[in-house]
Structures are given as C-alpha cells and as structure tokens.
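entry_28.txt, holding compact mmCIF, C-alpha atoms:
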# COMPACT_ATOMS: atom_id res chain seq x y z
CA MET A 1 0.00 0.00 0.00
CA VAL A 2 1.31 3.45 -0.94
CA GLU A 3 1.90 5.77 2.03
CA GLN A 4 2.12 9.55 1.86
CA ILE A 5 4.93 10.51 4.25
CA ALA A 6 4.87 14.28 3.57
CA GLU A 7 3.16 16.64 1.17
CA ASP A 8 3.95 15.37 -2.36
CA VAL A 9 6.27 12.66 -0.98
CA TYR A 10 5.18 9.02 -1.11
CA TRP A 11 6.56 5.68 0.06
CA VAL A 12 6.15 3.36 -2.93
CA GLY A 13 8.38 0.47 -1.85
CA ALA A 14 7.71 -3.14 -0.95
CA VAL A 15 7.39 -5.16 2.25
CA ASP A 16 9.11 -8.54 2.15
CA TRP A 17 7.46 -10.53 4.93
CA ASP A 18 9.05 -13.81 3.84
CA LEU A 19 12.73 -12.82 3.70
CA ARG A 20 14.77 -15.04 6.05
CA SER A 21 18.30 -14.39 4.83
CA PHE A 22 20.06 -11.47 3.19
CA HIS A 23 23.28 -11.07 1.20
CA GLY A 24 22.67 -14.59 0.01
CA HIS A 25 22.73 -16.50 3.29
CA GLU A 26 25.12 -14.21 5.15
CA LEU A 27 22.62 -12.39 7.37
CA SER A 28 19.57 -13.85 9.09
CA THR A 29 16.39 -11.79 8.78
CA PRO A 30 13.70 -13.56 10.85
CA ARG A 31 11.50 -10.46 10.83
CA GLY A 32 11.68 -9.94 7.08
CA SER A 33 12.55 -6.57 5.58
CA THR A 34 11.33 -3.72 3.44
CA TYR A 35 12.75 -2.14 0.30
CA ASN A 36 11.91 1.52 0.63
CA ALA A 37 11.54 3.73 -2.43
CA TYR A 38 10.31 7.32 -2.29
CA LEU A 39 8.43 9.25 -4.97
CA ILE A 40 8.64 13.06 -4.89
CA LEU A 41 6.17 15.06 -7.00
CA ASP A 42 7.25 18.46 -8.30
CA GLU A 43 7.92 20.13 -11.64
CA LYS A 44 10.27 17.21 -12.06
CA ASN A 45 9.11 13.94 -10.54
CA VAL A 46 11.81 12.06 -8.65
CA LEU A 47 12.09 8.46 -7.51
CA VAL A 48 14.67 7.97 -4.75
CA ASP A 49 15.94 4.36 -4.90
CA THR A 50 14.04 1.38 -6.24
CA VAL A 51 13.49 -2.13 -4.83
CA TRP A 52 14.92 -5.62 -5.13
CA GLY A 53 14.26 -7.16 -8.56
CA PRO A 54 11.61 -9.70 -7.51
CA PHE A 55 9.45 -6.78 -6.33
CA LYS A 56 9.77 -4.63 -9.45
CA GLU A 57 6.14 -5.17 -10.47
CA LYS A 58 4.99 -4.08 -7.00
CA LEU A 59 7.06 -0.91 -7.32
CA ILE A 60 5.50 -0.06 -10.68
CA GLU A 61 2.04 -0.82 -9.31
CA ASN A 62 2.64 1.52 -6.36
CA ILE A 63 4.05 4.32 -8.50
CA SER A 64 1.04 3.95 -10.78
CA GLU A 65 -1.28 4.72 -7.87
CA VAL A 66 0.27 8.19 -7.74
CA ILE A 67 1.48 9.01 -11.29
CA ASP A 68 2.11 7.29 -14.59
CA PRO A 69 5.61 5.75 -14.31
CA SER A 70 6.48 7.37 -17.65
CA GLU A 71 6.29 10.75 -15.87
CA ILE A 72 9.37 10.07 -13.73
CA ASP A 73 12.09 12.55 -14.68
CA ILE A 74 14.86 11.59 -12.22
CA VAL A 75 15.84 8.40 -10.43
CA VAL A 76 18.26 8.88 -7.55
CA ALA A 77 20.34 5.76 -6.90
CA ASN A 78 21.87 6.32 -3.48
CA HIS A 79 23.54 2.89 -3.64
CA ALA A 80 24.01 0.35 -6.45
CA GLU A 81 23.45 -2.87 -4.50
CA THR A 82 20.59 -4.71 -6.13
CA ASP A 83 18.24 -4.73 -3.15
CA HIS A 84 17.94 -1.00 -3.97
CA SER A 85 18.69 -0.84 -7.69
CA GLY A 86 17.17 -4.15 -8.74
CA ALA A 87 14.09 -2.53 -10.32
CA LEU A 88 16.04 0.31 -11.97
CA ALA A 89 15.88 -1.24 -15.44
CA GLU A 90 12.13 -1.76 -15.08
CA VAL A 91 11.57 1.88 -14.07
CA LEU A 92 13.67 3.10 -16.99
CA ARG A 93 11.74 0.87 -19.36
CA TYR A 94 8.72 3.04 -18.58
CA SER A 95 10.70 6.30 -18.52
CA PRO A 96 13.77 5.77 -20.73
CA ASP A 97 14.76 9.44 -20.81
CA ALA A 98 14.92 9.83 -17.04
CA THR A 99 18.21 10.96 -15.52
CA VAL A 100 19.92 8.57 -13.11
CA ILE A 101 21.64 10.55 -10.36
CA CYS A 102 24.30 8.71 -8.37
CA SER A 103 27.86 9.01 -7.12
CA ARG A 104 30.77 8.50 -9.49
CA MET A 105 31.41 5.08 -8.00
CA GLY A 106 27.68 4.44 -8.17
CA GLU A 107 27.70 4.91 -11.94
CA LYS A 108 30.53 2.40 -12.29
CA ASN A 109 28.75 -0.12 -10.10
CA ILE A 110 25.36 0.30 -11.77
CA ARG A 111 26.96 -0.13 -15.18
CA GLY A 112 28.62 -3.27 -13.83
CA HIS A 113 25.29 -4.67 -12.67
CA PHE A 114 23.16 -3.77 -15.68
CA HIS A 115 25.56 -3.15 -18.61
CA SER A 116 23.28 -0.35 -19.83
CA ASP A 117 24.15 3.11 -21.08
CA TRP A 118 21.54 5.18 -19.29
CA ASN A 119 21.47 8.95 -18.83
CA PHE A 120 23.75 9.25 -15.80
CA ARG A 121 24.55 12.35 -13.79
CA THR A 122 27.11 11.98 -11.03
CA VAL A 123 27.11 14.09 -7.87
CA SER A 124 29.17 14.49 -4.72
CA THR A 125 28.88 16.25 -1.37
CA GLY A 126 27.64 19.81 -1.80
CA ASP A 127 25.92 19.25 -5.12
CA SER A 128 22.23 20.00 -5.42
CA VAL A 129 19.50 19.72 -8.04
CA GLY A 130 16.40 21.88 -8.16
CA ILE A 131 13.24 20.05 -9.16
CA GLY A 132 10.80 22.97 -8.94
CA GLY A 133 9.70 24.07 -5.50
CA GLU A 134 12.02 21.51 -3.87
CA THR A 135 15.77 20.98 -3.94
CA LEU A 136 17.69 17.72 -3.68
CA HIS A 137 20.99 17.99 -1.82
CA PHE A 138 23.57 15.21 -1.95
CA ILE A 139 26.07 14.03 0.65
CA GLY A 140 28.70 11.44 -0.21
CA ALA A 141 28.78 8.58 2.30
CA PRO A 142 31.44 6.14 1.09
CA MET A 143 31.65 2.90 3.11
CA LEU A 144 28.25 3.38 4.71
CA HIS A 145 28.32 0.64 3.66
CA TRP A 146 29.66 0.54 0.05
CA PRO A 147 32.15 2.86 -1.66
CA ASP A 148 29.30 4.23 -3.81
CA SER A 149 26.89 5.10 -1.01
CA MET A 150 25.42 8.59 -0.66
CA PHE A 151 22.60 10.40 1.14
CA THR A 152 19.86 12.51 -0.42
CA TYR A 153 18.37 15.41 1.55
CA LEU A 154 15.07 16.97 0.51
CA GLY A 155 15.75 20.47 1.75
CA GLU A 156 12.36 22.14 1.94
CA LYS A 157 10.75 19.06 3.50
CA LYS A 158 13.75 18.46 5.83
CA ILE A 159 13.78 14.75 4.96
CA LEU A 160 17.05 12.80 4.96
CA MET A 161 17.10 9.71 2.74
CA PRO A 162 20.32 7.92 3.75
CA ASN A 163 19.80 4.57 2.02
CA ASP A 164 21.34 1.81 4.18
CA ALA A 165 22.30 4.02 7.12
CA PHE A 166 19.82 4.01 10.02
CA GLY A 167 17.85 1.09 8.57
CA GLN A 168 16.68 -2.28 9.85
CA HIS A 169 15.61 -5.56 8.31
CA TYR A 170 12.12 -5.31 9.73
CA ALA A 171 8.84 -6.00 7.92
CA THR A 172 5.97 -4.10 9.53
CA SER A 173 2.34 -3.22 8.92
CA PHE A 174 3.07 0.49 9.28
CA ARG A 175 5.82 2.73 7.98
CA PHE A 176 6.87 4.91 10.93
CA ASN A 177 8.96 4.35 14.05
CA ASP A 178 6.22 5.51 16.42
CA GLN A 179 3.84 2.86 15.04
CA VAL A 180 5.89 -0.27 15.79
CA ASP A 181 7.17 -2.28 18.75
CA GLN A 182 10.13 -0.30 20.09
CA THR A 183 11.95 -3.35 21.47
CA GLU A 184 11.78 -5.14 18.14
CA LEU A 185 12.77 -1.98 16.29
CA TYR A 186 15.95 -1.45 18.27
CA GLN A 187 16.83 -5.14 18.25
CA GLU A 188 16.77 -5.06 14.47
CA ALA A 189 18.49 -1.67 14.21
CA LEU A 190 21.38 -2.90 16.39
CA LYS A 191 21.62 -6.25 14.58
CA TYR A 192 21.77 -4.36 11.28
CA TYR A 193 24.53 -2.08 12.56
CA VAL A 194 26.60 -4.88 14.09
CA ASN A 195 26.53 -7.21 11.11
CA ILE A 196 26.79 -4.64 8.31
CA LEU A 197 28.29 -1.39 9.53
CA THR A 198 30.62 -2.28 12.42
CA PRO A 199 33.73 -2.53 10.19
CA PHE A 200 33.10 1.05 9.10
CA SER A 201 32.52 2.55 12.54
CA SER A 202 35.19 5.23 12.11
CA GLN A 203 33.53 6.33 8.86
CA VAL A 204 30.14 6.30 10.60
CA SER A 205 31.43 8.61 13.34
CA GLY A 206 33.03 10.94 10.81
CA LYS A 207 29.96 11.10 8.59
CA ILE A 208 27.64 11.80 11.51
CA ASP A 209 29.90 14.66 12.60
CA GLU A 210 30.04 15.96 9.03
CA VAL A 211 26.28 15.87 8.57
CA LEU A 212 25.63 17.56 11.93
CA GLU A 213 28.18 20.25 11.12
CA LEU A 214 26.20 21.06 7.97
CA GLY A 215 23.41 22.22 10.28
CA LEU A 216 20.69 20.63 8.20
CA PRO A 217 17.36 20.55 10.02
CA VAL A 218 16.06 16.98 9.95
CA GLU A 219 12.40 16.29 10.62
CA MET A 220 12.37 12.80 9.14
CA ILE A 221 14.94 10.10 8.33
CA ALA A 222 13.74 7.76 5.61
CA PRO A 223 16.18 4.83 5.15
CA SER A 224 15.94 2.14 2.50
CA HIS A 225 15.15 -0.73 4.88
CA GLY A 226 12.68 -0.85 7.74
CA VAL A 227 10.70 1.97 9.29
CA ILE A 228 10.92 5.72 8.74
CA TRP A 229 12.05 7.78 11.73
CA ARG A 230 9.58 10.63 12.17
CA ARG A 231 9.21 10.80 15.97
CA GLU A 232 12.44 12.24 17.35
CA PRO A 233 14.30 11.16 14.21
CA LEU A 234 17.73 12.02 15.56
CA GLN A 235 17.40 9.33 18.22
CA ILE A 236 18.79 6.78 15.75
CA VAL A 237 21.66 9.13 14.86
CA GLU A 238 22.61 9.30 18.53
CA LYS A 239 22.42 5.51 18.75
CA TYR A 240 24.74 5.23 15.77
CA ARG A 241 27.15 7.62 17.44
CA ASP A 242 27.14 5.41 20.54
CA TRP A 243 27.48 2.19 18.57
CA ALA A 244 30.31 3.58 16.43
CA ALA A 245 32.30 4.32 19.59
CA GLN A 246 32.25 0.57 20.37
CA GLN A 247 32.42 0.99 24.14
CA PRO A 248 31.45 -2.44 25.48
CA GLU A 249 29.35 -3.19 28.52
CA GLU A 250 30.79 -4.91 31.59
CA ARG A 251 29.65 -8.33 30.48
CA ALA A 252 31.01 -11.49 28.88
CA VAL A 253 29.92 -13.88 26.18
CA LEU A 254 31.24 -17.42 25.93
CA LEU A 255 30.78 -18.92 22.46
CA TYR A 256 31.59 -22.55 21.84
CA ASP A 257 30.85 -25.75 20.02
CA THR A 258 31.12 -29.11 21.73
CA MET A 259 31.24 -32.73 20.55
CA TRP A 260 30.62 -34.73 23.72
CA GLY A 261 29.91 -32.01 26.25
CA ALA A 262 33.43 -31.41 27.59
CA THR A 263 33.88 -27.93 26.13
CA ARG A 264 30.36 -27.00 27.23
CA ARG A 265 31.16 -28.02 30.80
CA MET A 266 34.29 -25.88 30.66
CA ALA A 267 32.22 -22.91 29.47
CA GLU A 268 29.80 -23.35 32.36
CA ALA A 269 32.65 -23.42 34.88
CA ILE A 270 34.27 -20.33 33.34
CA GLY A 271 30.91 -18.57 33.61
CA ASP A 272 30.70 -19.47 37.29
CA GLY A 273 34.08 -17.81 37.79
CA LEU A 274 33.03 -14.68 35.94
CA ALA A 275 29.90 -14.46 38.10
CA GLU A 276 32.08 -14.54 41.23
CA ASN A 277 33.47 -11.21 40.01
CA GLU A 278 29.93 -9.98 39.31
CA ILE A 279 30.48 -10.15 35.56
CA SER A 280 27.24 -10.94 33.75
CA PHE A 281 27.71 -13.56 31.04
CA LYS A 282 25.92 -15.51 28.33
CA LEU A 283 26.72 -18.98 27.04
CA ILE A 284 26.10 -19.51 23.34
CA ASP A 285 26.44 -22.89 21.67
CA ILE A 286 27.32 -21.56 18.25
CA ALA A 287 26.36 -24.82 16.54
CA VAL A 288 22.69 -24.38 17.42
CA SER A 289 22.49 -20.59 17.54
CA ASP A 290 22.03 -17.82 15.00
CA LEU A 291 25.50 -16.50 14.17
CA ASN A 292 24.29 -12.95 13.50
CA ASP A 293 22.49 -12.77 16.84
CA ALA A 294 25.59 -14.17 18.54
CA LEU A 295 27.67 -11.38 16.97
CA VAL A 296 25.34 -8.82 18.55
CA GLU A 297 26.25 -10.31 21.93
CA VAL A 298 29.93 -10.07 21.01
CA PHE A 299 29.43 -6.41 20.08
CA LYS A 300 27.89 -5.63 23.47
CA SER A 301 30.43 -7.55 25.55
CA GLY A 302 33.87 -6.56 26.79
CA ILE A 303 35.01 -10.16 27.41
CA ILE A 304 34.89 -12.75 24.63
CA GLY A 305 35.58 -16.42 25.30
CA VAL A 306 35.72 -18.81 22.35
CA GLY A 307 35.81 -22.57 22.88
CA SER A 308 36.18 -25.64 20.71
CA PRO A 309 37.41 -29.18 21.00
CA THR A 310 40.35 -30.01 18.76
CA ALA A 311 39.28 -32.22 15.84
CA ASN A 312 41.89 -33.40 13.35
CA GLY A 313 44.23 -30.71 14.58
CA GLU A 314 41.69 -27.91 13.96
CA VAL A 315 38.77 -26.19 15.63
CA LEU A 316 35.26 -27.21 14.64
CA PRO A 317 33.88 -25.58 11.44
CA THR A 318 31.21 -23.63 13.33
CA VAL A 319 33.88 -22.00 15.48
CA SER A 320 36.06 -21.36 12.44
CA SER A 321 33.14 -19.51 10.82
CA LEU A 322 32.65 -17.45 13.98
CA LEU A 323 36.35 -16.50 14.05
CA THR A 324 36.20 -15.47 10.38
CA SER A 325 33.28 -13.18 11.19
CA LEU A 326 35.15 -11.66 14.14
CA LYS A 327 38.02 -10.77 11.83
CA ALA A 328 35.71 -9.36 9.16
CA LEU A 329 33.73 -7.15 11.56
CA LYS A 330 36.81 -5.63 13.23
CA PHE A 331 35.36 -5.29 16.73
CA LYS A 332 37.23 -2.93 19.06
CA ASN A 333 37.84 -2.62 22.81
CA LYS A 334 37.52 -6.30 23.62
CA ARG A 335 39.54 -8.84 25.56
CA GLY A 336 39.37 -12.49 24.65
CA PHE A 337 40.56 -15.95 25.53
CA ALA A 338 40.30 -19.49 24.24
CA PHE A 339 39.25 -22.74 25.87
CA GLY A 340 38.56 -26.30 24.81
CA SER A 341 39.06 -29.98 25.31
CA TYR A 342 41.12 -32.39 23.25
CA GLY A 343 41.94 -36.05 22.96
CA TRP A 344 44.77 -36.88 20.57
CA SER A 345 46.26 -33.39 20.33
CA GLY A 346 45.47 -29.92 21.61
CA GLU A 347 46.14 -27.37 18.88
CA GLY A 348 42.66 -25.83 19.01
CA VAL A 349 43.15 -23.46 21.92
CA GLY A 350 46.33 -21.99 20.48
CA LYS A 351 44.71 -21.55 17.08
CA ILE A 352 41.73 -19.76 18.59
CA ASN A 353 43.99 -17.40 20.53
CA GLN A 354 45.87 -16.57 17.33
CA GLU A 355 42.63 -15.95 15.44
CA LEU A 356 41.40 -13.67 18.22
CA GLN A 357 44.62 -11.68 18.02
CA ASP A 358 44.28 -11.49 14.24
CA ALA A 359 40.79 -10.10 14.79
CA GLY A 360 42.19 -7.27 16.91
CA ILE A 361 40.96 -8.72 20.18
CA GLU A 362 43.41 -8.41 23.04
CA VAL A 363 44.48 -11.80 24.38
CA GLY A 364 46.28 -11.21 27.64
CA VAL A 365 45.87 -14.60 29.30
CA GLU A 366 46.66 -18.17 28.35
CA GLY A 367 43.83 -20.33 27.15
CA LEU A 368 42.26 -23.13 29.16
CA SER A 369 42.41 -26.70 27.96
CA CYS A 370 41.74 -30.17 29.28
CA LYS A 371 42.21 -33.68 27.94
CA TRP A 372 39.09 -35.75 27.37
CA GLN A 373 36.31 -34.95 29.85
CA PRO A 374 37.28 -32.33 32.47
CA THR A 375 38.12 -33.59 35.93
CA PRO A 376 36.93 -31.74 39.04
CA GLU A 377 40.40 -30.17 39.10
CA ASP A 378 40.02 -29.06 35.47
CA LEU A 379 36.65 -27.47 36.21
CA GLU A 380 38.09 -25.69 39.23
CA GLN A 381 40.85 -24.37 36.98
CA CYS A 382 38.17 -23.09 34.60
CA ARG A 383 36.30 -21.37 37.42
CA ALA A 384 39.55 -19.78 38.61
CA GLY A 385 40.29 -18.74 35.04
CA GLY A 386 36.88 -17.11 34.67
CA LYS A 387 37.37 -15.29 37.94
CA GLU A 388 40.78 -14.06 36.80
CA PHE A 389 39.43 -12.90 33.43
CA GLY A 390 36.79 -10.90 35.29
CA ARG A 391 39.37 -9.40 37.62
CA ILE A 392 41.57 -8.35 34.69
CA PHE A 393 38.64 -6.77 32.90
CA LYS A 394 37.63 -4.77 35.95
CA ALA A 395 41.19 -3.64 36.68
Full structure transcribed into structure tokens:
Amino acid sequence: MVEQIAEDVYWVGAVDWDLRSFHGHELSTPRGSTYNAYLILDEKNVLVDTVWGPFKEKLIENISEVIDPSEIDIVVANHAETDHSGALAEVLRYSPDATVICSRMGEKNIRGHFHSDWNFRTVSTGDSVGIGGETLHFIGAPMLHWPDSMFTYLGEKKILMPNDAFGQHYATSFRFNDQVDQTELYQEALKYYVNILTPFSSQVSGKIDEVLELGLPVEMIAPSHGVIWRREPLQIVEKYRDWAAQQPEERAVLLYDTMWGATRRMAEAIGDGLAENEISFKLIDIAVSDLNDALVEVFKSGIIGVGSPTANGEVLPTVSSLLTSLKALKFKNKRGFAFGSYGWSGEGVGKINQELQDAGIEVGVEGLSCKWQPTPEDLEQCRAGGKEFGRIFKA
C-alpha cells in the first residue's frame, strides 16, 4: 500500500514478509525486511531508490497509484546494490529518458550490474539539483556501507534519505517508528549495525559529525530498509554515534561448540568464575544458535571467550566460521581468551587465541584446555580462570 509521508512525498516500496536471509545467506532476517523507495512530485518527478528485482512489479504498481511511471524525470540511486537498484531497469523501461543521479562510483557499479548506457549524472557532497519548488541535496557517504553510497536530503521538507544508514531488516504493517514495537525496532536496528556497519565505525562517526556540522534541520529520516524515523528522528543518529564508539558493557559472552559435552562443561565453569566477580555472562552454543544474533552479543560484551574441541588438529567448522566473522567485523575494545578440550592433540586453543589476536581482540591470558572430559580439578581451573578474566577486565 502506498503511504504519503509528507506533502507530495510518497513511500512506494515493498514489504518482504518472507525474507529469512540477506546477502545470500550471510545475514539472518527472521522479521523480514522492506525495500523503501520514495516518490517526490514536483515540476520534475523524482524516484529515490528502487526495490529488489523480484518486487519490481509491486514498485511499478505503487508508482502507478500516484502518477504514470512514464512521468518520472529523475531516479536517484543512493547505492548500487541490487536490493535497492534491482528494479532500476524496469523503471527506466517506462521512462527511458529519465536521468539517473548517483555518485561516481555508483555509476561504475550500476553499469557493472546492468551493462546499460543510461542517462547518468554523477554528484558528490555539496551538489544540489532543483526540481521545482524543492531541492535535492547530496552528501557522499562512502563505506556506509559501500564505496558508492550517498545520502539525499530533501531540503524544503527536511527529509534525509540515507539509504542503508539508520535502517533495519524489519517487515511491519506500518511505515513509521512511532507505530511499531520499540523493542523489536531497536533489536533489528542494532543487529543491522553490528553485522553490516561495524567494520566502518570510524567512517560512521566521521559522517555523523560531518552531517551535523552542515546544520541541516532533519524532521524525518527515511532509510531504505525498515521503518521511517519521524518521531524524534535524531534518536537513531545518537544511537549510531554510541554504537560507532564501540564501548562495550561490563559483560562477557562465551561462544563454543562441543562434541561430547566437555567444552560445554568448561564454558559453564568459566561462567561461574566470571559471576564470582559480578560479571554478567551468556553462554552460546554456536552450533545451534544464529551467528548474527551471537555477533550482537559479542558487540555488546567486553570479554569474549571462544571454545572448541580439537578435531583433526583444527577447531570445529562452526567456530572457524565465527572466528572469520570476528576478523571481518573488526570489533574494538575487547579482551578475549580461548578454551577447549582435546583427545589426541590440543592445537585448538592456540589456534583460537591466534585468530582472536588477528581479529584485533586483546588476548592477555593463556587459554584453558583439558584432555578428554574435564576432571573436578580441570573445572576448578576453569572457574579460577573465569574469575581471573573478570578481575583483569575490571582492573
């Protein structure tokens, strides 16, 4: 259903209730998502972003409720990734003379996706385009989260359209932040930040400072996924500022896989030791848990314990995948340690510690290991280790 979000500004996107994974199968999306596209009516009619290709007919149907799609004069492509540009070719089939406004890198990426010679106009920070009574202002936002990303600001309406920034994978009945469950909203906003934007936190901080220094009044933030922020819209900007600082809470997360329960028992004993130092902790069996949700717990925690039995001289594949994600996301301000059981050999703990160091996580203590099932003495050593990790963190 089309939604008017301001005078002569319409949401014409699509709600994807059934989406359960994104970026292929990289990111879990149990609450679905939306692909937000915005139609602005003026002397020149403007479409800001499109939708994922499978929803192209829905986009055209929605646009047609407001105007004939052939009357679109400008399509702004804030980002070339196909969840936003996937219906671009369909829109331009109806309006082949429309101008495609994007960043310089955006033009290269769109050409790479579609191999079409459309009417491109590239812009950068400070550029603006008058469309009649309204003016589009553009702000380059490279690495939020692609090199081609940019923001569009509708000056007279005071609406910021920042594409992937400030979004969530969250399918809802209504379009605005004050109409949805606030707990769910912030769960999905944080999960989105952690799994997509964490590696670019320094760029996020810099871009927020840059945008605020421009002094642009913002009455609405309309991202390309999830709900539109109209009630206190800058609340999500402040959250991003906090998240970009990556200051962890005084808490721990112990992530592990286990074959016959030994490594799990070690994790439980380590947790007991942490609790003795009043450090809150969570145990996550990574083999039966959602990796993306587990990474949110990593993001929030100052202490990270990773455990695996040694199998054929290596850690288990689930733990290897976790460690790869830790390196990719470049978490900051964390201390970590390894633990695990072994039978024939015990390389796993050392390999985990090395991977944690490679991920930029400080490893200041030796890992904990035991052979076969832990003895009472082994479990006591784990409890003492957990207590020591907590003491070091609080020091």
message = I need every residue sitting at most 12 Å from the point (31.4, 21.8, -2.9) (coordinates as in the file, all atoms listed in the file considered), written as a list of chain:residue names.
response =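 Here the neighbourhood of the point contains A:Val123, A:Ser124, A:Thr125, A:Gly126, A:Asp127, A:Ser128, A:His137, A:Phe138, A:Ile139, A:Gly140.
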inquiry  = From the options A:Gly390, A:Gly112, A:Gly132, A:Gly86, which residue's atoms come nearest to Glu276 (chain A), counting only C-alpha atoms?
reply    = A:Gly390
query = What's the 9 Å shell around Phe393 (chain A), counting only C-alpha atoms, without same-chain residues fewer than 2 positions away, as a VMD selection string?
reply = chain A and resid 250 302 to 303 335 388 to 391 395
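You will find CA of Glu156 (chain A) at 5.9 Å from CA of Glu134 (chain A).
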remark   = The distance between CA of Val288 (chain A) and CA of Thr172 (chain A) is 27.4 Å
ask   = Of the candidates A:Thr135, A:Thr198, A:Asn109, A:Ser280, which shows the shortest atom-to-atom distance to Ser301 (chain A), using all atoms listed in the file?
value =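 Under the stated criterion, the closest residue is A:Ser280.
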key: Selection as a PyMOL selection string: residues within 10 Å of (35.2, -25.4, 20.8), counting all atoms listed in the file   = chain A and resi 255-259+262-264+266-267+285-287+306-311+314-320+338-342+348-349+352
task = Tell me, in Å to one decimal, how far CA of Phe200 (chain A) is from CA of Glu355 (chain A).
result =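 If I compute the distance from CA of Phe200 (chain A) to CA of Glu355 (chain A), I get 20.5 Å.
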ask   = A:Lys334, A:Arg31, A:Lys351, A:His115: which is nearest Tyr192 (chain A), counting only C-alpha atoms?
value = A:Arg31
request  = May I ask which of the residues A:Leu356, A:Leu144, A:Leu185, A:Val194 is the closest one to Thr324 (chain A), counting only C-alpha atoms?
outcome  =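 Closest residue, counting only C-alpha atoms: A:Leu356.
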Output, as lines of an AutoDock Vina configuration file, the centre and edge lengths in Å (one decimal) of the axis-aligned box that contains all listed atoms of region 256-260 of chain A with 6 Å of margin on each side.
center_x = 31.1
center_y = -28.6
center_z = 21.9
size_x = 13.0
size_y = 24.2
size_z = 15.7
request  = Choose the residue, out of A:Val12, A:Ile131, A:Val76, A:Val365, that has the smallest atom-to-atom separation from Asn36 (chain A); count all atoms listed in the file.
outcome  =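 Looking only at the distances to Asn36 (chain A), the closest residue turns out to be A:Val12.
Compared by their closest atoms to Ala222 (chain A), and using all atoms listed in the file, the residues A:Thr34, A:Gln381, A:Ser116, A:Ser205 rank with A:Thr34 nearest.
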Fewer than 6 positions away in the same chain doesn't count, so skip those; otherwise give me all residues within 10 Å of Asp378 (chain A), counting all atoms listed in the file, as a short mmCIF file (atom, residue, chain, number, x, y, z; two decimals) with C-alpha atoms, keeping the file's coordinate frame.
data_model
loop_
_atom_site.label_atom_id
_atom_site.label_comp_id
_atom_site.auth_asym_id
_atom_site.auth_seq_id
_atom_site.Cartn_x
_atom_site.Cartn_y
_atom_site.Cartn_z
CA MET A 266 34.29 -25.88 30.66
CA ALA A 269 32.65 -23.42 34.88
CA LEU A 368 42.26 -23.13 29.16
CA SER A 369 42.41 -26.70 27.96
CA CYS A 370 41.74 -30.17 29.28
CA LYS A 371 42.21 -33.68 27.94
CA ALA A 384 39.55 -19.78 38.61
#
ask   = Any idea what's packed within 10 Å of Glu380 (chain A), counting all atoms listed in the file, ignoring anything in its chain fewer than 5 positions away? Could you give it as a PyMOL selection string?
value = chain A and resi 266+269-270+272-273+374-375+385-386
key: Nearby residues (all atoms listed in the file) at most 6 Å from Tyr153 (chain A), same-chain spacing under 5 positions excluded, as a list of chain:residue names   =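 So the residues in contact are A:Leu136, A:His137, A:Ile159, A:Leu160, A:Met161.
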inquiry  = Residues near Leu39 (chain A), anyone? I mean within 9 Å using only C-alpha atoms, not counting same-chain ones fewer than 5 positions away, as a PyMOL selection string.
reply    = chain A and resi 8-12+45-49+63+66+72
Quick one: region 80-97 of chain A with N, CA and C atoms, as a compact mmCIF listing (two decimals), in the coordinates of the input?
# COMPACT_ATOMS: atom_id res chain seq x y z
N ALA A 80 24.22 1.22 -5.30
CA ALA A 80 24.01 0.35 -6.45
C ALA A 80 23.64 -1.08 -6.11
N GLU A 81 23.74 -1.48 -4.85
CA GLU A 81 23.45 -2.87 -4.50
C GLU A 81 22.03 -3.21 -4.92
N THR A 82 21.82 -4.43 -5.40
CA THR A 82 20.59 -4.71 -6.13
C THR A 82 19.33 -4.82 -5.26
N ASP A 83 19.47 -4.82 -3.94
CA ASP A 83 18.24 -4.73 -3.15
C ASP A 83 17.64 -3.33 -3.27
N HIS A 84 18.43 -2.37 -3.76
CA HIS A 84 17.94 -1.00 -3.97
C HIS A 84 17.83 -0.64 -5.45
N SER A 85 18.69 -1.19 -6.27
CA SER A 85 18.69 -0.84 -7.69
C SER A 85 18.09 -1.92 -8.56
N GLY A 86 17.60 -3.01 -7.96
CA GLY A 86 17.17 -4.15 -8.74
C GLY A 86 16.04 -3.87 -9.71
N ALA A 87 15.21 -2.87 -9.43
CA ALA A 87 14.09 -2.53 -10.32
C ALA A 87 14.41 -1.32 -11.20
N LEU A 88 15.67 -0.89 -11.20
CA LEU A 88 16.04 0.31 -11.97
C LEU A 88 15.74 0.12 -13.45
N ALA A 89 16.12 -1.01 -14.01
CA ALA A 89 15.88 -1.24 -15.44
C ALA A 89 14.40 -1.22 -15.76
N GLU A 90 13.58 -1.75 -14.85
CA GLU A 90 12.13 -1.76 -15.08
C GLU A 90 11.58 -0.33 -15.07
N VAL A 91 12.02 0.49 -14.12
CA VAL A 91 11.57 1.88 -14.07
C VAL A 91 11.96 2.61 -15.35
N LEU A 92 13.19 2.40 -15.79
CA LEU A 92 13.67 3.10 -16.99
C LEU A 92 13.07 2.54 -18.27
N ARG A 93 12.50 1.37 -18.20
CA ARG A 93 11.74 0.87 -19.36
C ARG A 93 10.49 1.70 -19.58
N TYR A 94 9.89 2.17 -18.48
CA TYR A 94 8.72 3.04 -18.58
C TYR A 94 9.13 4.49 -18.88
N SER A 95 10.27 4.90 -18.37
CA SER A 95 10.70 6.30 -18.52
C SER A 95 12.15 6.33 -18.98
N PRO A 96 12.40 5.97 -20.25
CA PRO A 96 13.77 5.77 -20.73
C PRO A 96 14.62 7.03 -20.77
N ASP A 97 13.99 8.20 -20.76
CA ASP A 97 14.76 9.44 -20.81
C ASP A 97 15.07 10.02 -19.43
